[in-house]
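Asks: Structure supplied as start.pdb; contents: PDB, C-alpha atoms.
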```
ATOM      1  CA  MET A   1       0.000   0.000   0.000
ATOM      2  CA  THR A   2       1.228   3.461  -0.822
ATOM      3  CA  TRP A   3       3.213   5.334   1.770
ATOM      4  CA  LEU A   4       1.585   8.648   0.860
ATOM      5  CA  PRO A   5      -0.533   9.845   3.781
ATOM      6  CA  GLU A   6      -3.252  11.407   1.624
ATOM      7  CA  ARG A   7      -5.463   9.600  -0.881
ATOM      8  CA  ALA A   8      -7.843  10.735  -3.575
ATOM      9  CA  SER A   9     -11.202   9.081  -4.014
ATOM     10  CA  GLY A  10     -11.355   6.450  -6.723
ATOM     11  CA  ALA A  11     -12.139   2.877  -7.584
ATOM     12  CA  THR A  12      -8.593   1.583  -7.924
ATOM     13  CA  PRO A  13      -5.283   1.972  -6.070
ATOM     14  CA  LEU A  14      -3.880   3.989  -8.984
ATOM     15  CA  ASP A  15      -6.931   6.281  -8.986
ATOM     16  CA  ARG A  16      -6.370   6.989  -5.308
ATOM     17  CA  VAL A  17      -2.706   7.946  -5.833
ATOM     18  CA  PHE A  18      -2.491   9.545  -9.298
ATOM     19  CA  GLY A  19      -5.898  11.119  -8.626
ATOM     20  CA  LEU A  20      -4.218  13.428  -6.117
ATOM     21  CA  ARG A  21      -3.399  15.456  -9.231
ATOM     22  CA  PRO A  22      -6.784  15.048 -10.922
ATOM     23  CA  GLU A  23      -6.223  17.207 -14.001
ATOM     24  CA  ALA A  24      -2.924  15.535 -14.822
ATOM     25  CA  TYR A  25      -4.407  12.091 -14.215
ATOM     26  CA  ALA A  26      -7.374  12.784 -16.477
ATOM     27  CA  ARG A  27      -5.047  13.873 -19.268
ATOM     28  CA  PHE A  28      -2.795  10.900 -18.667
ATOM     29  CA  ARG A  29      -5.798   8.559 -19.112
ATOM     30  CA  GLU A  30      -6.793  10.355 -22.295
ATOM     31  CA  MET A  31      -3.296   9.906 -23.712
ATOM     32  CA  TYR A  32      -2.966   6.324 -22.410
ATOM     33  CA  ALA A  33      -6.166   5.290 -24.180
ATOM     34  CA  GLY A  34      -4.672   6.465 -27.461
ATOM     35  CA  LEU A  35      -1.874   3.910 -27.133
ATOM     36  CA  TRP A  36      -4.377   1.103 -27.619
ATOM     37  CA  ASP A  37      -5.829   1.856 -31.034
ATOM     38  CA  ALA A  38      -6.278  -1.409 -32.925
ATOM     39  CA  ALA A  39      -6.577   0.516 -36.174
ATOM     40  CA  VAL A  40      -2.945   1.611 -35.740
ATOM     41  CA  ILE A  41      -1.188  -1.252 -33.930
ATOM     42  CA  ASP A  42      -2.189  -4.713 -32.699
ATOM     43  CA  PRO A  43      -3.149  -4.364 -28.989
ATOM     44  CA  ALA A  44      -1.521  -7.747 -28.334
ATOM     45  CA  VAL A  45       1.858  -6.282 -29.333
ATOM     46  CA  VAL A  46       1.316  -3.314 -27.019
ATOM     47  CA  GLU A  47       0.255  -5.582 -24.158
ATOM     48  CA  LEU A  48       3.246  -7.895 -24.591
ATOM     49  CA  CYS A  49       5.553  -4.881 -24.322
ATOM     50  CA  ARG A  50       3.726  -3.590 -21.237
ATOM     51  CA  LEU A  51       3.993  -6.956 -19.490
ATOM     52  CA  ARG A  52       7.639  -7.419 -20.456
ATOM     53  CA  ILE A  53       8.500  -4.004 -19.010
ATOM     54  CA  ALA A  54       6.561  -4.870 -15.846
ATOM     55  CA  THR A  55       8.667  -8.004 -15.429
ATOM     56  CA  ILE A  56      11.986  -6.265 -16.131
ATOM     57  CA  LEU A  57      11.206  -3.596 -13.534
ATOM     58  CA  GLY A  58       9.611  -6.073 -11.111
ATOM     59  CA  CYS A  59       6.176  -4.488 -10.858
ATOM     60  CA  ASP A  60       3.442  -6.799  -9.513
ATOM     61  CA  ALA A  61       0.806  -4.089  -9.954
ATOM     62  CA  GLU A  62       1.385  -3.960 -13.730
ATOM     63  CA  ARG A  63       1.776  -7.734 -13.999
ATOM     64  CA  ALA A  64      -1.654  -8.299 -12.424
ATOM     65  CA  ILE A  65      -3.461  -6.427 -15.212
ATOM     66  CA  ARG A  66      -4.766  -8.073 -18.382
ATOM     67  CA  TYR A  67      -6.255  -5.502 -20.720
ATOM     68  CA  THR A  68      -9.098  -7.146 -22.599
ATOM     69  CA  ASP A  69      -8.260  -5.158 -25.743
ATOM     70  CA  ALA A  70      -5.317  -7.546 -26.045
ATOM     71  CA  THR A  71      -7.046 -10.754 -25.046
ATOM     72  CA  GLU A  72      -9.823  -9.983 -27.530
ATOM     73  CA  ALA A  73      -7.073  -9.547 -30.133
ATOM     74  CA  GLY A  74      -5.891 -13.085 -29.425
ATOM     75  CA  LEU A  75      -3.337 -12.764 -26.640
ATOM     76  CA  THR A  76      -3.670 -15.863 -24.464
ATOM     77  CA  GLU A  77      -2.411 -16.572 -20.972
ATOM     78  CA  ASP A  78      -0.241 -19.333 -22.410
ATOM     79  CA  ARG A  79       1.578 -16.804 -24.580
ATOM     80  CA  ILE A  80       1.986 -14.447 -21.628
ATOM     81  CA  THR A  81       3.498 -17.313 -19.633
ATOM     82  CA  ALA A  82       5.924 -17.904 -22.503
ATOM     83  CA  LEU A  83       6.947 -14.224 -22.661
ATOM     84  CA  PRO A  84      10.337 -14.684 -20.900
ATOM     85  CA  ARG A  85      11.230 -17.097 -23.724
ATOM     86  CA  TRP A  86      10.258 -14.673 -26.503
ATOM     87  CA  PRO A  87      13.543 -14.870 -28.480
ATOM     88  CA  ASN A  88      13.047 -18.535 -29.411
ATOM     89  CA  ASP A  89       9.492 -19.534 -28.538
ATOM     90  CA  PRO A  90       7.367 -20.118 -31.668
ATOM     91  CA  ALA A  91       4.385 -18.577 -29.887
ATOM     92  CA  PHE A  92       5.663 -15.153 -30.939
ATOM     93  CA  THR A  93       5.627 -13.580 -34.377
ATOM     94  CA  THR A  94       8.517 -11.725 -35.927
ATOM     95  CA  ALA A  95       6.674  -8.442 -35.342
ATOM     96  CA  GLU A  96       6.117  -9.267 -31.681
ATOM     97  CA  ARG A  97       9.775 -10.233 -31.231
ATOM     98  CA  SER A  98      11.026  -7.014 -32.778
ATOM     99  CA  ALA A  99       8.704  -4.962 -30.545
ATOM    100  CA  ILE A 100       9.580  -6.851 -27.349
ATOM    101  CA  GLU A 101      13.313  -6.586 -28.086
ATOM    102  CA  PHE A 102      12.877  -2.844 -28.648
ATOM    103  CA  ALA A 103      10.948  -2.474 -25.364
ATOM    104  CA  GLU A 104      13.578  -4.369 -23.380
ATOM    105  CA  GLN A 105      16.470  -2.372 -24.763
ATOM    106  CA  TYR A 106      14.572   0.911 -24.356
ATOM    107  CA  VAL A 107      13.970   0.294 -20.659
ATOM    108  CA  ILE A 108      17.404  -1.128 -19.821
ATOM    109  CA  ASP A 109      19.611   1.135 -21.953
ATOM    110  CA  PRO A 110      18.277   3.105 -24.943
ATOM    111  CA  HIS A 111      21.862   3.826 -26.020
ATOM    112  CA  GLY A 112      22.008   0.168 -26.996
ATOM    113  CA  LEU A 113      19.351   0.622 -29.670
ATOM    114  CA  THR A 114      20.849   0.517 -33.146
ATOM    115  CA  ASP A 115      19.897   1.256 -36.713
ATOM    116  CA  ASP A 116      19.426  -2.507 -37.098
ATOM    117  CA  HIS A 117      16.759  -2.523 -34.379
ATOM    118  CA  PHE A 118      14.867   0.170 -36.243
ATOM    119  CA  ALA A 119      15.321  -1.539 -39.588
ATOM    120  CA  ALA A 120      13.690  -4.619 -38.086
ATOM    121  CA  LEU A 121      10.868  -2.534 -36.676
ATOM    122  CA  HIS A 122      10.274  -0.765 -40.005
ATOM    123  CA  ARG A 123       9.898  -4.147 -41.709
ATOM    124  CA  GLU A 124       7.010  -4.975 -39.391
ATOM    125  CA  PHE A 125       5.336  -1.659 -38.548
ATOM    126  CA  ASP A 126       4.364   1.431 -40.502
ATOM    127  CA  GLU A 127       5.338   4.852 -39.180
ATOM    128  CA  PRO A 128       2.137   5.595 -37.194
ATOM    129  CA  ALA A 129       2.429   2.181 -35.547
ATOM    130  CA  LEU A 130       6.084   2.738 -34.728
ATOM    131  CA  ALA A 131       5.389   6.179 -33.266
ATOM    132  CA  THR A 132       2.636   4.606 -31.154
ATOM    133  CA  LEU A 133       4.843   1.723 -30.054
ATOM    134  CA  THR A 134       7.600   4.109 -28.964
ATOM    135  CA  LEU A 135       5.254   6.315 -26.984
ATOM    136  CA  ALA A 136       3.611   3.237 -25.464
ATOM    137  CA  VAL A 137       6.931   1.811 -24.318
ATOM    138  CA  ALA A 138       7.901   5.241 -22.953
ATOM    139  CA  MET A 139       4.709   5.606 -20.963
ATOM    140  CA  PHE A 140       4.821   2.025 -19.670
ATOM    141  CA  ASP A 141       8.344   2.721 -18.453
ATOM    142  CA  ALA A 142       7.126   5.912 -16.763
ATOM    143  CA  LEU A 143       3.965   4.525 -15.159
ATOM    144  CA  THR A 144       5.698   1.373 -13.933
ATOM    145  CA  ARG A 145       8.431   3.398 -12.220
ATOM    146  CA  MET A 146       5.771   5.615 -10.646
ATOM    147  CA  ARG A 147       3.786   2.630  -9.344
ATOM    148  CA  LEU A 148       6.930   1.134  -7.819
ATOM    149  CA  ALA A 149       8.252   4.298  -6.204
ATOM    150  CA  LEU A 150       4.907   5.200  -4.641
ATOM    151  CA  ASP A 151       3.975   1.594  -3.756
ATOM    152  CA  VAL A 152       0.721   1.546  -5.671
ATOM    153  CA  GLU A 153      -0.778  -1.809  -4.734
ATOM    154  CA  PRO A 154      -1.974  -4.358  -7.315
ATOM    155  CA  ILE A 155      -5.675  -4.569  -8.099
ATOM    156  CA  ALA A 156      -5.499  -8.300  -7.317
ATOM    157  CA  ASP A 157      -2.990 -11.012  -6.497
ATOM    158  CA  ASP A 158      -3.696 -12.942  -9.706
ATOM    159  CA  PRO A 159      -3.936 -11.814 -13.331
ATOM    160  CA  THR A 160      -7.197  -9.935 -13.686
ATOM    161  CA  PRO A 161      -9.029  -8.997 -16.895
ATOM    162  CA  VAL A 162      -9.664  -5.269 -17.115
ATOM    163  CA  PRO A 163     -11.539  -3.459 -19.873
ATOM    164  CA  GLY A 164      -9.058  -1.806 -22.203
ATOM    165  CA  PRO A 165      -8.124   1.796 -21.501
ATOM    166  CA  ARG A 166     -10.209   2.977 -24.449
ATOM    167  CA  SER A 167     -13.384   1.829 -22.693
ATOM    168  CA  TYR A 168     -12.264   2.643 -19.186
ATOM    169  CA  ALA A 169     -12.019   6.398 -19.392
ATOM    170  CA  GLY A 170     -12.808   7.304 -15.792
ATOM    171  CA  SER A 171     -10.229   5.117 -14.132
ATOM    172  CA  LEU A 172      -7.151   2.961 -14.605
ATOM    173  CA  PRO A 173      -6.361  -0.271 -12.734
TER     174      PRO A 173
ATOM    175  CA  MET B   1      24.028   9.875 -33.674
ATOM    176  CA  SER B   2      22.452   7.854 -36.434
ATOM    177  CA  PRO B   3      23.291   9.223 -39.932
ATOM    178  CA  THR B   4      19.688   8.766 -41.031
ATOM    179  CA  PRO B   5      16.562   9.299 -38.934
ATOM    180  CA  ARG B   6      15.485   6.087 -37.277
ATOM    181  CA  LEU B   7      11.908   7.325 -37.445
ATOM    182  CA  ALA B   8      11.519  10.276 -39.766
ATOM    183  CA  THR B   9       9.452  13.292 -38.831
ATOM    184  CA  PRO B  10       6.426  13.488 -41.112
ATOM    185  CA  LYS B  11       6.036  16.389 -43.497
ATOM    186  CA  GLY B  12       4.576  19.340 -41.624
ATOM    187  CA  GLY B  13       5.390  17.798 -38.241
ATOM    188  CA  ALA B  14       7.926  18.701 -35.582
ATOM    189  CA  THR B  15       8.784  15.273 -34.155
ATOM    190  CA  PRO B  16       8.490  11.608 -35.200
ATOM    191  CA  PHE B  17       5.500  11.367 -32.869
ATOM    192  CA  ASP B  18       3.581  13.565 -35.305
ATOM    193  CA  HIS B  19       2.842  10.348 -37.184
ATOM    194  CA  ARG B  20       0.101  10.133 -34.520
ATOM    195  CA  PRO B  21      -0.871  13.803 -34.212
ATOM    196  CA  GLU B  22      -3.888  13.270 -31.964
ATOM    197  CA  LEU B  23      -1.899  11.021 -29.632
ATOM    198  CA  TRP B  24       1.009  13.450 -29.573
ATOM    199  CA  ALA B  25      -1.386  16.293 -28.769
ATOM    200  CA  ALA B  26      -2.808  14.235 -25.895
ATOM    201  CA  PHE B  27       0.715  13.591 -24.567
ATOM    202  CA  ASN B  28       1.490  17.308 -24.709
ATOM    203  CA  ARG B  29      -1.708  18.165 -22.829
ATOM    204  CA  PHE B  30      -0.620  15.739 -20.105
ATOM    205  CA  TYR B  31       2.962  16.998 -19.915
ATOM    206  CA  GLY B  32       1.834  20.621 -20.154
ATOM    207  CA  THR B  33      -0.550  20.080 -17.251
ATOM    208  CA  LEU B  34       2.242  18.667 -15.094
ATOM    209  CA  TRP B  35       4.450  21.649 -15.802
ATOM    210  CA  SER B  36       2.117  24.596 -16.031
ATOM    211  CA  GLU B  37      -0.930  23.628 -13.970
ATOM    212  CA  GLY B  38       1.107  22.155 -11.181
ATOM    213  CA  VAL B  39       1.515  22.347  -7.418
ATOM    214  CA  VAL B  40       5.312  21.991  -7.408
ATOM    215  CA  ASP B  41       7.466  25.002  -8.290
ATOM    216  CA  GLU B  42       9.093  24.842 -11.710
ATOM    217  CA  PRO B  43      12.736  25.012 -10.581
ATOM    218  CA  THR B  44      12.292  21.924  -8.411
ATOM    219  CA  LYS B  45      10.773  19.944 -11.283
ATOM    220  CA  GLU B  46      13.426  21.291 -13.651
ATOM    221  CA  VAL B  47      16.192  20.056 -11.337
ATOM    222  CA  GLY B  48      14.620  16.599 -11.412
ATOM    223  CA  ARG B  49      14.278  16.704 -15.199
ATOM    224  CA  LEU B  50      17.856  17.874 -15.729
ATOM    225  CA  ARG B  51      19.265  15.329 -13.300
ATOM    226  CA  ASN B  52      17.578  12.638 -15.353
ATOM    227  CA  ALA B  53      18.847  14.155 -18.590
ATOM    228  CA  ARG B  54      22.416  13.858 -17.347
ATOM    229  CA  VAL B  55      22.059  10.344 -15.979
ATOM    230  CA  THR B  56      20.177   9.065 -19.019
ATOM    231  CA  GLY B  57      22.633  10.870 -21.275
ATOM    232  CA  CYS B  58      20.234  12.634 -23.590
ATOM    233  CA  GLY B  59      22.124  15.291 -25.532
ATOM    234  CA  ILE B  60      18.950  17.206 -26.273
ATOM    235  CA  CYS B  61      17.248  17.056 -22.871
ATOM    236  CA  LYS B  62      20.319  18.069 -20.885
ATOM    237  CA  ASN B  63      20.713  21.235 -22.944
ATOM    238  CA  LEU B  64      17.102  22.390 -22.919
ATOM    239  CA  ARG B  65      16.053  24.915 -20.278
ATOM    240  CA  PHE B  66      12.409  25.549 -19.515
ATOM    241  CA  ASP B  67      12.034  29.311 -19.300
ATOM    242  CA  GLY B  68       9.632  29.243 -16.349
ATOM    243  CA  ALA B  69      12.275  27.629 -14.180
ATOM    244  CA  ARG B  70      14.847  30.183 -15.277
ATOM    245  CA  ALA B  71      12.460  33.044 -14.519
ATOM    246  CA  ALA B  72      11.872  31.545 -11.074
ATOM    247  CA  GLY B  73      15.582  31.561 -10.264
ATOM    248  CA  LEU B  74      17.264  28.428 -11.617
ATOM    249  CA  THR B  75      20.532  29.703 -13.079
ATOM    250  CA  GLU B  76      23.204  28.063 -15.231
ATOM    251  CA  GLU B  77      25.421  28.043 -12.140
ATOM    252  CA  HIS B  78      22.781  25.968 -10.373
ATOM    253  CA  VAL B  79      22.408  23.671 -13.375
ATOM    254  CA  ALA B  80      26.159  23.058 -13.423
ATOM    255  CA  GLU B  81      25.873  21.714  -9.881
ATOM    256  CA  ILE B  82      23.354  18.996 -10.820
ATOM    257  CA  ASP B  83      26.258  16.677 -11.528
ATOM    258  CA  ASP B  84      27.266  13.523  -9.665
ATOM    259  CA  ALA B  85      28.491  15.610  -6.714
ATOM    260  CA  TYR B  86      25.198  17.489  -6.257
ATOM    261  CA  ALA B  87      24.773  16.126  -2.724
ATOM    262  CA  ASP B  88      27.844  18.100  -1.638
ATOM    263  CA  SER B  89      26.983  21.207  -3.653
ATOM    264  CA  ASP B  90      25.554  24.539  -2.549
ATOM    265  CA  LEU B  91      22.183  23.755  -4.100
ATOM    266  CA  PRO B  92      19.173  24.272  -1.804
ATOM    267  CA  ALA B  93      18.153  21.147   0.104
ATOM    268  CA  ARG B  94      14.838  20.968  -1.787
ATOM    269  CA  TRP B  95      16.646  20.779  -5.126
ATOM    270  CA  LYS B  96      19.119  18.218  -3.846
ATOM    271  CA  LEU B  97      16.154  16.100  -2.783
ATOM    272  CA  ALA B  98      14.568  16.463  -6.242
ATOM    273  CA  ALA B  99      17.816  15.274  -7.827
ATOM    274  CA  ARG B 100      18.047  12.380  -5.365
ATOM    275  CA  TRP B 101      14.448  11.429  -6.139
ATOM    276  CA  ALA B 102      15.263  11.430  -9.853
ATOM    277  CA  ASP B 103      18.249   9.140  -9.232
ATOM    278  CA  GLN B 104      16.016   6.782  -7.266
ATOM    279  CA  LEU B 105      13.368   6.689 -10.003
ATOM    280  CA  ILE B 106      16.021   5.961 -12.622
ATOM    281  CA  ASN B 107      18.135   3.432 -10.768
ATOM    282  CA  ASP B 108      15.874   1.631  -8.307
ATOM    283  CA  PRO B 109      12.249   2.773  -8.250
ATOM    284  CA  ALA B 110      11.244  -0.232  -6.124
ATOM    285  CA  GLY B 111      13.903   0.479  -3.530
ATOM    286  CA  VAL B 112      12.663   3.666  -1.873
ATOM    287  CA  ASP B 113      13.652   3.233   1.750
ATOM    288  CA  GLY B 114      12.157   4.667   4.906
ATOM    289  CA  GLU B 115      14.683   7.446   5.189
ATOM    290  CA  LEU B 116      14.000   8.727   1.681
ATOM    291  CA  ARG B 117      10.224   8.456   2.194
ATOM    292  CA  ALA B 118      10.537  10.525   5.353
ATOM    293  CA  ALA B 119      12.671  13.119   3.587
ATOM    294  CA  MET B 120      10.149  13.402   0.761
ATOM    295  CA  LEU B 121       7.218  13.717   3.162
ATOM    296  CA  ALA B 122       9.035  16.371   5.179
ATOM    297  CA  GLU B 123       9.540  18.499   2.061
ATOM    298  CA  PHE B 124       6.436  17.811  -0.057
ATOM    299  CA  ASP B 125       2.779  16.972   0.474
ATOM    300  CA  SER B 126       1.256  13.896  -1.165
ATOM    301  CA  ALA B 127      -0.058  15.696  -4.253
ATOM    302  CA  GLN B 128       3.326  17.320  -4.790
ATOM    303  CA  ILE B 129       5.090  13.956  -4.553
ATOM    304  CA  VAL B 130       2.702  12.524  -7.152
ATOM    305  CA  GLU B 131       3.296  15.462  -9.472
ATOM    306  CA  LEU B 132       7.079  15.445  -9.065
ATOM    307  CA  THR B 133       7.142  11.686  -9.621
ATOM    308  CA  ALA B 134       4.931  11.832 -12.700
ATOM    309  CA  THR B 135       6.983  14.683 -14.133
ATOM    310  CA  VAL B 136      10.342  13.000 -13.614
ATOM    311  CA  THR B 137       9.243   9.540 -14.742
ATOM    312  CA  THR B 138       7.779  11.085 -17.888
ATOM    313  CA  ALA B 139      11.027  12.960 -18.430
ATOM    314  CA  ILE B 140      12.943   9.691 -17.991
ATOM    315  CA  ALA B 141      10.785   7.959 -20.569
ATOM    316  CA  PHE B 142      10.964  10.846 -22.957
ATOM    317  CA  SER B 143      14.731  11.210 -22.734
ATOM    318  CA  LYS B 144      14.942   7.559 -23.704
ATOM    319  CA  ALA B 145      12.768   8.257 -26.752
ATOM    320  CA  ALA B 146      15.145  10.998 -27.853
ATOM    321  CA  VAL B 147      18.115   8.662 -27.381
ATOM    322  CA  ALA B 148      16.302   5.841 -29.185
ATOM    323  CA  PHE B 149      15.625   8.072 -32.163
ATOM    324  CA  GLY B 150      19.336   8.937 -32.353
ATOM    325  CA  ALA B 151      19.657  12.246 -30.514
ATOM    326  CA  PRO B 152      22.964  14.100 -30.906
ATOM    327  CA  GLU B 153      25.417  13.626 -28.029
ATOM    328  CA  ASP B 154      25.521  17.357 -27.370
ATOM    329  CA  MET B 155      24.162  20.688 -28.568
ATOM    330  CA  PRO B 156      24.150  24.321 -27.427
ATOM    331  CA  VAL B 157      22.009  25.258 -24.440
ATOM    332  CA  LEU B 158      18.571  26.271 -25.641
ATOM    333  CA  ALA B 159      15.848  28.005 -23.621
ATOM    334  CA  VAL B 160      12.354  26.921 -24.614
ATOM    335  CA  PRO B 161       8.902  27.735 -23.261
ATOM    336  CA  THR B 162       7.788  25.615 -20.345
ATOM    337  CA  PRO B 163       5.353  22.949 -21.616
ATOM    338  CA  SER B 164       1.835  24.272 -21.302
ATOM    339  CA  LEU B 165      -1.696  23.731 -22.558
ATOM    340  CA  ASP B 166      -1.315  26.474 -25.196
TER     341      ASP B 166
END
```
Show me, as structure tokens, the structure contained in the file I just sent.
Replies:
Amino acid sequence: MTWLPERASGATPLDRVFGLRPEAYARFREMYAGLWDAAVIDPAVVELCRLRIATILGCDAERAIRYTDATEAGLTEDRITALPRWPNDPAFTTAERSAIEFAEQYVIDPHGLTDDHFAALHREFDEPALATLTLAVAMFDALTRMRLALDVEPIADDPTPVPGPRSYAGSLP
Amino acid sequence: MSPTPRLATPKGGATPFDHRPELWAAFNRFYGTLWSEGVVDEPTKEVGRLRNARVTGCGICKNLRFDGARAAGLTEEHVAEIDDAYADSDLPARWKLAARWADQLINDPAGVDGELRAAMLAEFDSAQIVELTATVTTAIAFSKAAVAFGAPEDMPVLAVPTPSLD
């Protein structure tokens, strides 16, 4: 549970912490929803990157969330379980591998990203998708660090389906 | 720096993120709210942002100066002290704490200990801690985007308007 002595009202632990700055939180949710636009990029790719970042940074609160935008796009729990083996597991497509590799390197050390990484990404994603993927990875990095530093508790102990951010405008898990 | 853009800026745009103009506009409304509609003074947030820029090694971010922080008293002499010896510098204690908080968010966000929590709570209220944390973590993420896209290693210092809703 967060160590902040004050709480905002809200349905979720994140609402009660980030909601202490309500205008910023509302605009964050608006922006966050835009990361999950299936017309631009497969939500399963976005979700795999979010979950990989959560694991790298060790964030149970992020790992407990399963956005249904991604599960409805075909992301199964079996594939999520296989995520640590993404480089060689046949459960993952070339596009997913290139995105997950990008997300890992971005979080650990962006100086390690090369022209070859981007060449691989350009083979799989058009420019709007790549802009979205980059901003998604950036904001997952940011929100995960914030959850950890402020001890925002998980919504549940086990993986929990949550309506995708695009249909969940008033709150985030 | 990459000889060719890793993600080109679209015609008529200002950044590669303009490939998603509505999403980029939403990001800027969020970041502008943190900076210009905030409850933490700009110099304190700017110290946190610049500490990150140095640690993350973003040649663009570390040379940008938000003009609101300058107008509120953050000088180039102060900025020069946000180096690895900032804890022993003449910077005000509040700014040293902002730099320390940035280091924690970068290096070990899960490892905030009781002493640092107490120091933060003695200096800031809960809403201010949320805002400072959101601002610095967003700056961390955004510096990484600049690096990922192949930012130059250095450039001249450049004062720019503080992000706002305008």
Asks: Which chain B residues are at most 7 Å from chain A (counting all atoms listed in the file), as a VMD selection string?
Replies: chain B and resid 6 16 to 17 19 to 20 23 26 to 27 29 to 30 33 to 34 105 109 to 110 112 126 to 127 130 to 131 133 to 134 137 to 138 141 to 142 144 to 145 147 to 148
Asks: Take the PyMOL selection byres ((chain A and resi 47) around 12), apply it to the structure above, and return the hits as a ChimeraX atom specification.
Replies: /A:35-38,41-46,48-54,62-63,65-77,79-80,83,96,99-100,103,133,136-137,140,164-165
Asks: Record the distance separating atom CA of Phe66 of chain B and atom CA of Glu42 of chain B, expressed in Å with one decimal.
Replies: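 Distance reported for this atom pair: 8.5 Å.
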Asks: With all atoms listed in the file as the basis for distance, which of A:Arg166, A:Arg97, A:Asn88, A:Leu172 is at the shortest distance from Ala61 of chain A?
Replies: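 So, comparing all the options, the nearest one is A:Leu172.
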Asks: Run through the PyMOL selection byres ((chain B and resi 89-103) around 10) on the given coordinates and return the selected residues as a PyMOL selection string.
Replies: (chain A and resi 149) or (chain B and resi 43-53+55-56+77-88+104-109+112+116-117+119-120+123-124+129+132-133+135-137+139-140)
Asks: May I have the centre and edge lengths, in Å to one decimal, of an axis-aligned box around the listed atoms of segment 51-54 of chain B with 3 Å added to every side, as AutoDock Vina command-line options?
Replies:
```
--center_x 20.0 --center_y 14.0 --center_z -15.9 --size_x 10.8 --size_y 8.7 --size_z 11.3
```
Asks: Quick one: distance from atom CA of Gln128 of chain B to atom CA of Trp24 of chain B in Å, one decimal?
Replies: 25.2 Å
Asks: Excluding Trp35 of chain B and its own-chain neighbours fewer than 3 positions away, which residues fall within 7 Å of it when counting all atoms listed in the file? Please give them as a list in words.
Replies: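 After dropping sequence-adjacent residues, the list is Tyr31, Gly32, Gly38, Glu42, Thr162, Pro163 and Ser164 of chain B.
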Asks: Find, counting all atoms listed in the file, the residue in B:Asn28, B:Pro10, B:Pro161, B:Asp41 that gets nearest to Ala72 of chain B.
Replies: B:Asp41
Asks: What gap, in Å, lies between atom CA of Ala82 of chain A and atom CA of Ile56 of chain A?
Replies: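 Atom-to-atom, atom CA of Ala82 of chain A to atom CA of Ile56 of chain A, that is 14.6 Å.
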Asks: Neighbours of Ile60 of chain B within 8 Å (all atoms listed in the file; same-chain residues fewer than 2 positions away dropped), as a list in words?
Replies: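 Everything that qualifies: Cys58, Lys62, Asn63, Leu64, Ala146, Ala151, Pro152, Glu153, Asp154 and Met155 of chain B.
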